[in-house]
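Enquirer: Coordinates in coords_33.cif, mmCIF, C-alpha atoms (C1' of nucleotides), are listed below.
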```cif
data_protein
loop_
_atom_site.label_atom_id
_atom_site.label_comp_id
_atom_site.auth_asym_id
_atom_site.auth_seq_id
_atom_site.Cartn_x
_atom_site.Cartn_y
_atom_site.Cartn_z
CA MET A 1 0.00 0.00 0.00
CA LEU A 2 1.32 3.40 -0.99
CA HIS A 3 0.20 6.90 -0.03
CA VAL A 4 1.29 9.80 -2.22
CA ASP A 5 1.17 13.38 -0.95
CA LEU A 6 2.39 16.38 -2.93
CA ASP A 7 4.87 18.62 -1.12
CA GLN A 8 3.43 22.08 -0.30
CA PHE A 9 1.07 21.47 -3.23
CA ILE A 10 -0.68 24.82 -3.60
CA ALA A 11 2.47 26.87 -3.06
CA ALA A 12 4.36 24.58 -5.46
CA VAL A 13 1.76 25.10 -8.21
CA GLU A 14 2.14 28.86 -7.82
CA VAL A 15 5.94 28.70 -7.94
CA LEU A 16 5.76 26.46 -11.01
CA ARG A 17 4.04 29.18 -13.03
CA ARG A 18 6.01 32.00 -11.42
CA PRO A 19 9.57 30.65 -11.17
CA GLU A 20 10.83 33.96 -9.80
CA LEU A 21 9.12 33.00 -6.52
CA ALA A 22 11.33 29.94 -6.02
CA GLY A 23 13.17 30.10 -2.71
CA LEU A 24 10.96 32.88 -1.33
CA PRO A 25 8.48 32.61 1.54
CA VAL A 26 5.18 32.22 -0.35
CA VAL A 27 1.76 32.21 1.31
CA VAL A 28 -1.43 31.32 -0.53
CA GLY A 29 -4.70 32.21 1.16
CA GLY A 30 -7.94 34.13 0.80
CA ARG A 31 -7.79 36.89 -1.77
CA GLY A 32 -4.07 37.34 -1.23
CA ASP A 33 -4.49 40.47 0.88
CA PRO A 34 -2.97 39.91 4.32
CA THR A 35 -4.94 42.82 5.79
CA GLU A 36 -8.21 40.98 5.11
CA ARG A 37 -10.05 38.26 6.98
CA GLY A 38 -8.79 34.92 5.74
CA VAL A 39 -6.38 32.14 6.57
CA VAL A 40 -3.30 30.50 5.09
CA SER A 41 -4.16 27.65 2.72
CA THR A 42 -0.54 26.64 2.19
CA ALA A 43 2.79 28.19 3.17
CA SER A 44 5.97 27.29 1.30
CA TYR A 45 8.74 25.62 3.28
CA GLU A 46 10.60 28.95 3.31
CA ALA A 47 7.54 30.57 4.90
CA ARG A 48 7.13 27.69 7.38
CA ALA A 49 10.61 28.49 8.66
CA PHE A 50 9.05 31.72 10.01
CA GLY A 51 6.43 29.73 11.90
CA LEU A 52 3.70 30.12 9.29
CA ARG A 53 1.21 27.26 9.08
CA SER A 54 -1.96 26.24 7.24
CA GLY A 55 -5.02 27.62 8.97
CA MET A 56 -3.22 30.58 10.46
CA PRO A 57 -4.98 33.96 10.00
CA LEU A 58 -3.39 35.92 7.15
CA ARG A 59 -2.95 38.91 9.46
CA THR A 60 -0.95 36.78 11.88
CA ALA A 61 1.13 35.40 9.02
CA ALA A 62 1.92 38.92 7.81
CA ARG A 63 2.99 39.95 11.28
CA LYS A 64 5.33 36.97 11.63
CA CYS A 65 6.77 37.26 8.14
CA PRO A 66 6.15 40.70 6.56
CA GLU A 67 8.41 39.93 3.59
CA ALA A 68 6.33 36.91 2.50
CA VAL A 69 4.67 36.97 -0.91
CA PHE A 70 0.89 36.69 -0.44
CA LEU A 71 -1.13 35.16 -3.26
CA ALA A 72 -4.86 34.63 -3.76
CA VAL A 73 -6.30 31.12 -3.86
CA ASP A 74 -6.80 30.08 -7.50
CA LYS A 75 -8.97 26.98 -7.33
CA ALA A 76 -9.08 26.39 -11.08
CA ALA A 77 -5.28 26.22 -11.26
CA TYR A 78 -5.15 23.63 -8.47
CA ASP A 79 -7.96 21.59 -10.03
CA ALA A 80 -5.98 21.43 -13.27
CA ALA A 81 -2.68 20.58 -11.57
CA SER A 82 -4.38 17.95 -9.44
CA ALA A 83 -5.90 16.31 -12.53
CA ARG A 84 -2.43 16.05 -14.09
CA VAL A 85 -1.02 14.46 -10.95
CA MET A 86 -3.85 11.93 -10.71
CA ASP A 87 -3.45 11.03 -14.38
CA VAL A 88 0.20 10.18 -13.71
CA LEU A 89 -0.78 8.04 -10.72
CA ARG A 90 -3.48 6.20 -12.67
CA SER A 91 -0.94 5.38 -15.38
CA PHE A 92 0.55 2.82 -12.99
CA ASP A 93 -2.48 0.63 -13.55
CA VAL A 94 -3.32 -0.11 -9.92
CA PRO A 95 -6.43 1.05 -8.02
CA VAL A 96 -6.08 4.73 -7.05
CA GLU A 97 -8.16 6.39 -4.33
CA VAL A 98 -8.01 10.19 -4.54
CA LEU A 99 -8.21 12.28 -1.35
CA GLY A 100 -8.68 15.92 -2.14
CA TRP A 101 -6.36 17.86 -4.43
CA ASP A 102 -3.01 16.43 -3.53
CA GLU A 103 -3.21 12.99 -1.98
CA ALA A 104 -3.94 9.46 -3.12
CA PHE A 105 -3.64 5.85 -2.04
CA LEU A 106 -2.32 3.31 -4.52
CA ALA A 107 -3.09 -0.35 -3.95
CA VAL A 108 0.40 -1.59 -4.71
CA PRO A 109 0.81 -4.97 -3.03
CA ALA A 110 3.61 -4.71 -0.46
CA ASP A 111 5.69 -7.66 -1.55
CA GLU A 112 4.98 -8.15 -5.22
CA HIS A 113 7.96 -6.07 -6.23
CA GLY A 114 10.20 -7.28 -3.47
CA ASP A 115 11.28 -3.90 -2.19
CA PRO A 116 8.24 -1.57 -2.09
CA ALA A 117 10.58 1.42 -2.13
CA ILE A 118 11.28 0.72 -5.80
CA PRO A 119 7.74 1.43 -7.08
CA ALA A 120 7.56 4.32 -4.61
CA GLU A 121 10.63 5.95 -6.12
CA ARG A 122 9.35 5.29 -9.63
CA ILE A 123 6.13 7.08 -8.76
CA ARG A 124 7.98 10.06 -7.33
CA ALA A 125 10.06 10.33 -10.48
CA ALA A 126 7.02 10.00 -12.75
CA VAL A 127 5.05 12.69 -10.90
CA LEU A 128 8.00 15.08 -11.09
CA ALA A 129 8.60 14.36 -14.77
CA GLY A 130 4.91 14.61 -15.66
CA THR A 131 3.96 17.68 -13.61
CA GLY A 132 7.09 19.44 -12.33
CA LEU A 133 5.83 18.86 -8.78
CA HIS A 134 7.59 17.05 -5.95
CA CYS A 135 5.83 14.55 -3.72
CA SER A 136 6.53 12.17 -0.87
CA VAL A 137 5.45 8.56 -0.68
CA GLY A 138 4.53 6.51 2.38
CA ILE A 139 4.59 2.73 2.41
CA GLY A 140 2.49 0.70 4.83
CA ASP A 141 0.72 -2.59 5.36
CA ASN A 142 -2.53 -0.59 5.24
CA LYS A 143 -3.80 2.92 4.44
CA LEU A 144 -3.35 4.22 7.99
CA GLN A 145 0.29 3.18 8.15
CA ALA A 146 1.06 4.47 4.65
CA LYS A 147 -0.63 7.80 5.36
CA ILE A 148 1.41 8.39 8.51
CA ALA A 149 4.61 7.18 6.86
CA THR A 150 4.32 9.91 4.22
CA ASP A 151 4.78 12.64 6.82
CA PHE A 152 8.02 10.98 7.94
CA GLY A 153 9.28 11.03 4.37
CA LYS A 154 8.63 14.72 3.69
CA PRO A 155 9.89 16.47 1.73
CA ARG A 156 10.75 14.57 -1.45
CA GLY A 157 11.17 11.27 0.36
CA VAL A 158 9.95 7.72 0.78
CA TYR A 159 9.29 6.20 4.18
CA ARG A 160 7.98 2.83 5.28
CA ILE A 161 5.98 1.86 8.36
CA SER A 162 4.79 -1.71 8.81
CA SER A 163 2.89 -3.57 11.50
CA ALA A 164 6.29 -4.80 12.72
CA THR A 165 7.70 -1.28 13.14
CA TRP A 166 4.50 0.56 14.09
CA PHE A 167 5.18 0.92 17.81
CA GLU A 168 8.85 1.74 17.53
CA GLU A 169 8.00 4.41 14.95
CA ILE A 170 5.01 6.11 16.53
CA GLY A 171 4.20 4.38 19.84
CA GLY A 172 5.63 7.33 21.75
CA ARG A 173 3.90 10.02 19.71
CA PRO A 174 0.85 11.92 20.96
CA THR A 175 -2.47 10.39 19.93
CA GLU A 176 -3.11 13.46 17.77
CA ALA A 177 -0.53 12.10 15.31
CA LEU A 178 -3.15 9.55 14.23
CA TRP A 179 -5.33 10.15 11.20
CA GLY A 180 -8.80 10.74 12.65
CA ILE A 181 -7.80 12.04 16.08
CA GLY A 182 -7.77 15.81 16.37
CA ARG A 183 -7.30 18.25 19.20
CA LYS A 184 -10.63 17.61 20.93
CA THR A 185 -10.41 13.85 20.94
CA ALA A 186 -6.76 13.94 22.01
CA GLN A 187 -7.86 16.07 24.96
CA ARG A 188 -10.62 13.65 25.92
CA LEU A 189 -8.17 10.76 25.69
CA ALA A 190 -5.66 12.65 27.83
CA GLU A 191 -8.35 13.02 30.49
CA LEU A 192 -8.51 9.22 30.53
CA GLY A 193 -4.74 9.08 31.03
CA LEU A 194 -4.11 8.14 27.40
CA HIS A 195 -1.42 10.43 26.02
CA THR A 196 0.51 8.41 23.47
CA VAL A 197 -0.34 6.07 20.63
CA ALA A 198 0.94 3.17 22.76
CA ASP A 199 -1.31 4.25 25.67
CA LEU A 200 -4.31 4.18 23.34
CA ALA A 201 -3.35 0.80 21.90
CA GLY A 202 -3.19 -0.68 25.39
CA ALA A 203 -6.47 0.80 26.63
CA ASP A 204 -9.43 -1.35 27.55
CA THR A 205 -11.93 -1.65 24.67
CA ARG A 206 -15.01 -1.60 26.91
CA MET A 207 -13.81 1.47 28.76
CA LEU A 208 -13.25 3.27 25.46
CA ALA A 209 -16.69 2.23 24.22
CA ASP A 210 -18.29 3.52 27.44
CA ARG A 211 -16.49 6.85 27.33
CA LEU A 212 -16.30 7.58 23.60
CA GLY A 213 -19.18 5.63 22.12
CA PRO A 214 -19.67 2.07 20.90
CA THR A 215 -18.46 2.89 17.38
CA MET A 216 -15.78 5.51 17.93
CA GLY A 217 -14.20 4.07 21.10
CA PRO A 218 -13.11 0.74 19.62
CA TRP A 219 -12.20 2.47 16.36
CA TYR A 220 -9.75 4.79 18.16
CA ARG A 221 -8.15 1.76 19.79
CA ARG A 222 -7.63 0.14 16.38
CA LEU A 223 -6.02 3.38 15.18
CA GLY A 224 -3.63 3.20 18.12
CA ARG A 225 -2.65 -0.32 17.15
CA GLY A 226 -2.06 0.63 13.51
CA VAL A 227 -4.95 -1.56 12.38
CA ASP A 228 -6.97 -0.54 9.32
CA SER A 229 -8.76 -2.94 7.02
CA SER A 230 -10.39 -0.34 4.78
CA PRO A 231 -9.83 -1.05 1.08
CA VAL A 232 -8.57 1.36 -1.55
CA ASP A 233 -11.78 2.69 -3.08
CA ALA A 234 -11.11 3.61 -6.70
CA THR A 235 -14.74 4.37 -7.58
CA PRO A 236 -15.12 7.93 -8.89
CA TYR A 237 -16.02 10.48 -6.25
CA VAL A 238 -19.68 11.44 -6.08
CA ALA A 239 -20.47 14.38 -3.82
CA ARG A 240 -23.23 14.03 -1.21
CA GLY A 241 -23.77 17.75 -1.13
CA HIS A 242 -22.51 21.13 -2.21
CA GLY A 243 -22.27 24.30 -0.19
CA ARG A 244 -21.07 27.87 -0.50
CA GLU A 245 -20.26 30.16 2.37
CA THR A 246 -18.76 33.57 2.80
CA THR A 247 -17.17 35.46 5.65
CA PHE A 248 -17.88 39.17 5.46
CA GLN A 249 -14.92 41.51 5.72
CA GLN A 250 -16.98 43.47 8.25
CA ASP A 251 -19.68 41.98 10.44
CA LEU A 252 -23.10 42.76 8.99
CA ALA A 253 -25.76 44.30 11.20
CA ASP A 254 -28.14 44.90 8.28
CA TRP A 255 -30.06 41.68 7.69
CA ASP A 256 -31.28 42.85 4.30
CA LEU A 257 -27.65 42.55 3.21
CA VAL A 258 -27.44 39.13 4.85
CA ALA A 259 -30.51 38.08 2.86
CA ASP A 260 -28.87 39.38 -0.34
CA ALA A 261 -25.85 37.22 0.40
CA VAL A 262 -28.06 34.19 1.00
CA ARG A 263 -29.70 34.71 -2.41
CA ASP A 264 -26.26 34.93 -4.09
CA LEU A 265 -24.99 31.82 -2.36
CA ALA A 266 -28.16 29.88 -3.20
CA ALA A 267 -27.70 30.84 -6.85
CA GLN A 268 -24.11 29.56 -6.80
CA VAL A 269 -25.16 26.31 -5.17
CA GLY A 270 -27.88 26.01 -7.80
CA ARG A 271 -25.23 26.32 -10.53
CA ASP A 272 -23.05 23.71 -8.80
CA LEU A 273 -25.97 21.28 -8.74
CA ALA A 274 -26.94 22.05 -12.32
CA ALA A 275 -23.37 21.33 -13.44
CA GLU A 276 -23.80 17.79 -12.11
CA GLY A 277 -27.44 17.44 -13.10
CA ARG A 278 -28.42 16.61 -9.53
CA ALA A 279 -31.49 17.60 -7.53
CA ALA A 280 -31.42 18.93 -3.96
CA VAL A 281 -33.36 16.96 -1.36
CA ARG A 282 -32.35 19.07 1.63
CA VAL A 283 -31.24 22.67 2.15
CA GLY A 284 -29.09 23.94 5.00
CA LEU A 285 -28.30 27.45 6.22
CA LYS A 286 -25.32 28.39 8.36
CA VAL A 287 -25.03 31.69 10.18
CA ARG A 288 -22.05 32.72 12.23
CA TYR A 289 -22.91 35.57 14.58
CA ALA A 290 -20.19 37.96 15.71
CA PRO A 291 -17.84 37.37 17.32
CA PHE A 292 -17.81 33.65 16.43
CA GLU A 293 -20.93 31.70 17.30
CA THR A 294 -22.37 29.39 14.71
CA ARG A 295 -25.96 28.29 14.15
CA SER A 296 -27.20 25.88 11.54
CA ARG A 297 -30.71 25.21 10.30
CA SER A 298 -31.78 22.72 7.69
CA ARG A 299 -34.88 21.37 6.10
CA THR A 300 -35.81 18.39 3.98
CA LEU A 301 -37.60 19.68 0.91
CA PRO A 302 -41.15 18.48 0.29
CA VAL A 303 -40.03 17.46 -3.17
CA PRO A 304 -36.53 17.34 -4.71
CA THR A 305 -35.69 20.40 -6.77
CA THR A 306 -33.20 21.58 -9.36
CA GLU A 307 -34.45 25.19 -9.24
CA ALA A 308 -32.14 27.79 -7.71
CA ASP A 309 -35.22 29.83 -6.76
CA ASP A 310 -36.49 26.95 -4.62
CA LEU A 311 -33.13 26.72 -2.87
CA ALA A 312 -33.15 30.46 -2.20
CA ALA A 313 -36.72 30.39 -0.91
CA ALA A 314 -35.93 27.56 1.50
CA ALA A 315 -32.72 29.22 2.69
CA LEU A 316 -34.45 32.57 3.25
CA ASP A 317 -37.20 30.82 5.17
CA LEU A 318 -34.60 29.24 7.44
CA LEU A 319 -32.93 32.65 7.81
CA ALA A 320 -36.22 34.13 9.02
CA GLY A 321 -36.08 31.90 12.09
CA LEU A 322 -32.81 33.40 13.37
CA ASP A 323 -32.07 36.31 15.68
CA ARG A 324 -32.00 39.49 13.57
CA SER A 325 -30.76 41.63 16.45
CA ARG A 326 -27.28 40.16 16.14
CA SER A 327 -24.50 41.01 13.68
CA VAL A 328 -23.44 38.36 11.23
CA ARG A 329 -19.87 37.34 10.43
CA LEU A 330 -20.55 34.49 8.01
CA VAL A 331 -23.43 33.02 6.10
CA GLY A 332 -23.54 29.76 4.14
CA VAL A 333 -25.99 27.78 2.05
CA ARG A 334 -25.65 24.10 1.32
CA ALA A 335 -27.67 21.50 -0.49
CA GLU A 336 -27.70 17.75 -0.04
CA MET A 337 -28.46 15.71 -3.09
CA ALA A 338 -30.21 12.47 -3.77
CA PRO A 339 -27.79 9.78 -4.84
CA PRO A 340 -27.36 9.87 -8.62
CA GLY A 341 -28.94 7.23 -10.74
CA PRO A 342 -31.82 6.66 -13.08
CA PRO A 343 -34.75 8.86 -12.06
CA ALA A 344 -37.46 7.07 -10.14
CA THR A 345 -40.55 6.33 -12.23
"C1'" DT B 346 -4.06 32.42 16.45
"C1'" DC B 347 -9.54 37.44 16.34
"C1'" DT B 348 -10.11 32.32 13.92
"C1'" DG B 349 -11.56 30.27 5.40
"C1'" DG B 350 -14.06 27.25 2.59
"C1'" DG B 351 -15.10 22.77 0.86
"C1'" DG B 352 -16.45 18.52 2.41
"C1'" DT B 353 -17.66 13.77 5.38
"C1'" DC B 354 -19.29 11.15 9.22
"C1'" DC B 355 -21.09 10.37 14.03
"C1'" DT B 356 -24.19 11.30 17.94
"C1'" DA B 357 -28.29 12.22 20.29
"C1'" DG B 358 -32.99 13.59 21.14
"C1'" DG B 359 -37.62 13.92 19.58
"C1'" DA B 360 -41.32 12.69 16.36
"C1'" DC B 361 -43.82 9.23 14.53
"C1'" DC B 362 -45.34 4.63 13.58
"C1'" DC B 363 -46.45 -0.12 14.56
"C1'" DT C 364 -54.97 3.38 28.77
"C1'" DC C 365 -50.25 6.80 33.48
"C1'" DT C 366 -47.99 3.71 29.34
"C1'" DG C 367 -43.51 -0.94 26.36
"C1'" DG C 368 -40.16 -1.38 22.88
"C1'" DG C 369 -38.16 -1.24 18.32
"C1'" DG C 370 -37.35 1.04 13.99
"C1'" DT C 371 -36.74 5.01 11.17
"C1'" DC C 372 -36.69 9.77 9.89
"C1'" DC C 373 -35.57 14.53 10.92
"C1'" DT C 374 -32.74 18.03 12.87
"C1'" DA C 375 -28.71 20.41 15.32
"C1'" DG C 376 -24.27 20.21 16.57
"C1'" DG C 377 -19.63 18.58 16.83
"C1'" DA C 378 -15.30 16.62 15.20
"C1'" DC C 379 -12.25 15.88 11.70
"C1'" DC C 380 -9.86 16.22 7.20
"C1'" DC C 381 -7.71 18.67 3.11
#
```
With the file now loaded, output its structure as C-alpha cells.
Expert:
Amino acid sequence: MLHVDLDQFIAAVEVLRRPELAGLPVVVGGRGDPTERGVVSTASYEARAFGLRSGMPLRTAARKCPEAVFLAVDKAAYDAASARVMDVLRSFDVPVEVLGWDEAFLAVPADEHGDPAIPAERIRAAVLAGTGLHCSVGIGDNKLQAKIATDFGKPRGVYRISSATWFEEIGGRPTEALWGIGRKTAQRLAELGLHTVADLAGADTRMLADRLGPTMGPWYRRLGRGVDSSPVDATPYVARGHGRETTFQQDLADWDLVADAVRDLAAQVGRDLAAEGRAAVRVGLKVRYAPFETRSRSRTLPVPTTEADDLAAAALDLLAGLDRSRSVRLVGVRAEMAPPGPPAT
DNA sequence: TCTGGGGTCCTAGGACCC
DNA sequence: TCTGGGGTCCTAGGACCC
C-alpha cells in the first residue's frame, strides 16, 4: 500500500508558473491580501521556517513574516494541476483512491515487487517528470500506516511503516498524530490518562466504548494499534452535497444585506448542482454571529428540486427563524443531493 | 491564532409509527 | 390506557480532514 502526498502542493503550483518566486516565503490564502479576513491555505517551506502554518490567520502570518509573498487562492489552477497528478498516478495501472487535491492511495501490493521502495521511487520520479511537482510517498501494510509514513518522508522522500515497526515508529507520539484524532479527541483521551499512541493501543476496549461511544471508542483503539482494514476505493467520487459560504470583511448588522448574500450563495449552489445534473433533497443554512458563534438550520424539501429559486426560498425561510438583532460574520448555504442514478418512475 | 471554505461522518434527542 | 419497545426519519451540533 502506498500513499502519495504532494509537497506544499498549492504553493508549489504557484511557484511552477512564477519561477521567480522559487526560494521565497510564499503564502497562498484568501484573496491574497494579508490585511483581510482569511487564513493561510498553504505556506511554502521557506515561509514555514518563520512559523507560518496552514489555517493561520493571514494577518498573523503577515505579522510573523512581513516579507512573505501573499497570493490569492486560484482553485481552477489547483484543479488542473491535481488532474495532471492523478493522471500520472493512474498510469501505474493499480487502483487509485483520490483524497482531495493532492493525496492518493495506490493499492500496490507490499511484496509483489520485493522492495516496495522501488515502485515508490518510480512514482515520485514520474510525478516530477509529468507535472514538475515534488511529492513524498509513504509505504504501509494498510492505508493508515502508509498515510502516517508519508509525513516521515517529507519532503521529497519515501518512508515505510509496517505492523512490525509501528510501535517503535510512533508508539511514543501523541495520539493526535493519528489520522482521525484531532485536538478535541486527544484532549478527551488525555483526560482518561491516554497520552501516546501506545497508551491508546493498550487501553481497555469496553472502557473506550463507554467513554467515547460504541463505534468511535473501539475504532480509536484500532487506530492506536495501527490496524486498518479499509480497502482502496477507486470508484469515482460522487459528492453528497454542495455548499457555499462567505465570511464578510466586516460583520453585517443589516439583515437585508445578509438576505442578499443568501440569495447569491443559493444561486451559486444552484449552478453547482446544475453542473452535475443533480437535484437537492435538503437545504441547510449556516449563520455565524459575531464574534464567532455558529448556528445551523436545515430542512428536507417536500419534493426534490433543481431550481435555484427553490433553494433560495428555502434558505431565506430558514434565515427568518434566526435572531435578527445580532451582527453576522458568516453566512452559508448548502444542499444535499439524492444519490445519482436513473430517475425514479 | 480574532479564527476560510469545501467537504464527510457520528451522535443524540424527539417525532412518529407499529 | 399513566404507558412498552423497536425502527426510522428529521434536525442540530460537533469533530475531523484537506
Enquirer: Sorted by chain and rising residue number, list the residues of chain A at most 10 Å from chain C (counting only C-alpha atoms (C1' of nucleotides)), each with its closest atom pair and distance in Å to one decimal, as a tab-separated table.
Expert:
```
residue	atom	partner	partner_atom	distance
A:Ser41	CA	C:DC381	C1'	9.7
A:Leu99	CA	C:DC381	C1'	7.8
A:Gly100	CA	C:DC381	C1'	6.0
A:Trp101	CA	C:DC381	C1'	7.7
A:Asp102	CA	C:DC381	C1'	8.4
A:Glu103	CA	C:DC381	C1'	8.9
A:Trp179	CA	C:DC380	C1'	8.6
A:Gly180	CA	C:DC379	C1'	6.3
A:Ile181	CA	C:DC379	C1'	7.3
A:Gly182	CA	C:DC379	C1'	6.5
A:Arg183	CA	C:DA378	C1'	9.1
A:Lys184	CA	C:DA378	C1'	7.5
A:Thr185	CA	C:DA378	C1'	8.0
A:Thr294	CA	C:DG376	C1'	9.6
A:Arg295	CA	C:DA375	C1'	8.4
A:Ser296	CA	C:DA375	C1'	6.8
A:Arg297	CA	C:DA375	C1'	7.2
A:Ser298	CA	C:DT374	C1'	7.1
A:Arg299	CA	C:DT374	C1'	7.8
A:Thr300	CA	C:DC373	C1'	7.9
```
Enquirer: Skipping near chain neighbours, those fewer than 5 positions away, what residues fall within 9 Å of Thr205 (chain A) using all atoms listed in the file, listed as an MDAnalysis selection string?
Expert: chainID A and resid 210 217:218 221
Enquirer: Give as a ChimeraX atom specification the residues that the PyMOL selection byres ((chain A and resi 33) around 12) matches when applied to the coordinates above.
Expert: /A:27-32,34-40,57-59,61-62,68-73,249
Enquirer: Would you compute the box with edges along x, y and z of the file around region 366-380 of chain C, including every atom the file lists for it and 8 Å extra on each side, and give its centre and edge lengths in Å to one decimal, as lines of an AutoDock Vina configuration file?
Expert:
```
center_x = -28.9
center_y = 9.5
center_z = 18.3
size_x = 54.1
size_y = 37.8
size_z = 38.1
```
Enquirer: So which residues touch Glu168 (chain A) within 12 Å, counting all atoms listed in the file, skipping near sequence neighbours fewer than 5 positions away, as a PyMOL selection string?
Expert: chain A and resi 161-163+173+197-198+225-226
Enquirer: Could you work out how far CA of Leu194 (chain A) lies from CA of Ala177 (chain A), giving the answer in Å with one decimal?
Expert: 13.2 Å
Enquirer: Distance cut-off 10 Å, centre (-8.5, -3.2, 6.1) in file coordinates, counting only C-alpha atoms (C1' of nucleotides): which residues qualify? Return them as a VMD selection string.
Expert: chain A and resid 141 to 144 227 to 232
Enquirer: Mind rebuilding region 182-193 of chain A with N, CA, C and O atoms and writing that out as an mmCIF file, in the coordinates of the input?
Expert:
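Writing done, so here's rebuild_36.cif:
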```cif
data_model
loop_
_atom_site.group_PDB
_atom_site.id
_atom_site.type_symbol
_atom_site.label_atom_id
_atom_site.label_comp_id
_atom_site.auth_asym_id
_atom_site.auth_seq_id
_atom_site.Cartn_x
_atom_site.Cartn_y
_atom_site.Cartn_z
ATOM 1 N N GLY A 182 -8.140 14.397 16.382
ATOM 2 C CA GLY A 182 -7.770 15.810 16.370
ATOM 3 C C GLY A 182 -7.592 16.322 17.792
ATOM 4 O O GLY A 182 -7.491 15.547 18.744
ATOM 5 N N ARG A 183 -7.589 17.621 17.918
ATOM 6 C CA ARG A 183 -7.300 18.250 19.200
ATOM 7 C C ARG A 183 -8.295 17.853 20.276
ATOM 8 O O ARG A 183 -7.935 17.522 21.402
ATOM 9 N N LYS A 184 -9.590 17.871 19.928
ATOM 10 C CA LYS A 184 -10.630 17.610 20.930
ATOM 11 C C LYS A 184 -10.576 16.184 21.446
ATOM 12 O O LYS A 184 -10.673 15.942 22.651
ATOM 13 N N THR A 185 -10.441 15.249 20.521
ATOM 14 C CA THR A 185 -10.410 13.850 20.940
ATOM 15 C C THR A 185 -9.134 13.547 21.708
ATOM 16 O O THR A 185 -9.167 12.806 22.703
ATOM 17 N N ALA A 186 -8.025 14.137 21.286
ATOM 18 C CA ALA A 186 -6.760 13.940 22.010
ATOM 19 C C ALA A 186 -6.919 14.430 23.455
ATOM 20 O O ALA A 186 -6.423 13.803 24.398
ATOM 21 N N GLN A 187 -7.650 15.531 23.611
ATOM 22 C CA GLN A 187 -7.860 16.070 24.960
ATOM 23 C C GLN A 187 -8.720 15.126 25.802
ATOM 24 O O GLN A 187 -8.427 14.886 26.976
ATOM 25 N N ARG A 188 -9.772 14.587 25.184
ATOM 26 C CA ARG A 188 -10.620 13.650 25.920
ATOM 27 C C ARG A 188 -9.841 12.398 26.316
ATOM 28 O O ARG A 188 -10.004 11.857 27.406
ATOM 29 N N LEU A 189 -8.987 11.937 25.394
ATOM 30 C CA LEU A 189 -8.170 10.760 25.690
ATOM 31 C C LEU A 189 -7.186 11.062 26.821
ATOM 32 O O LEU A 189 -6.968 10.228 27.709
ATOM 33 N N ALA A 190 -6.618 12.273 26.789
ATOM 34 C CA ALA A 190 -5.660 12.650 27.830
ATOM 35 C C ALA A 190 -6.331 12.640 29.200
ATOM 36 O O ALA A 190 -5.719 12.254 30.206
ATOM 37 N N GLU A 191 -7.620 13.034 29.221
ATOM 38 C CA GLU A 191 -8.350 13.020 30.490
ATOM 39 C C GLU A 191 -8.536 11.598 31.023
ATOM 40 O O GLU A 191 -8.792 11.387 32.200
ATOM 41 N N LEU A 192 -8.428 10.629 30.111
ATOM 42 C CA LEU A 192 -8.510 9.220 30.530
ATOM 43 C C LEU A 192 -7.116 8.650 30.803
ATOM 44 O O LEU A 192 -6.961 7.444 30.992
ATOM 45 N N GLY A 193 -6.110 9.523 30.772
ATOM 46 C CA GLY A 193 -4.740 9.080 31.030
ATOM 47 C C GLY A 193 -4.055 8.506 29.798
ATOM 48 O O GLY A 193 -2.994 7.892 29.913
#
```
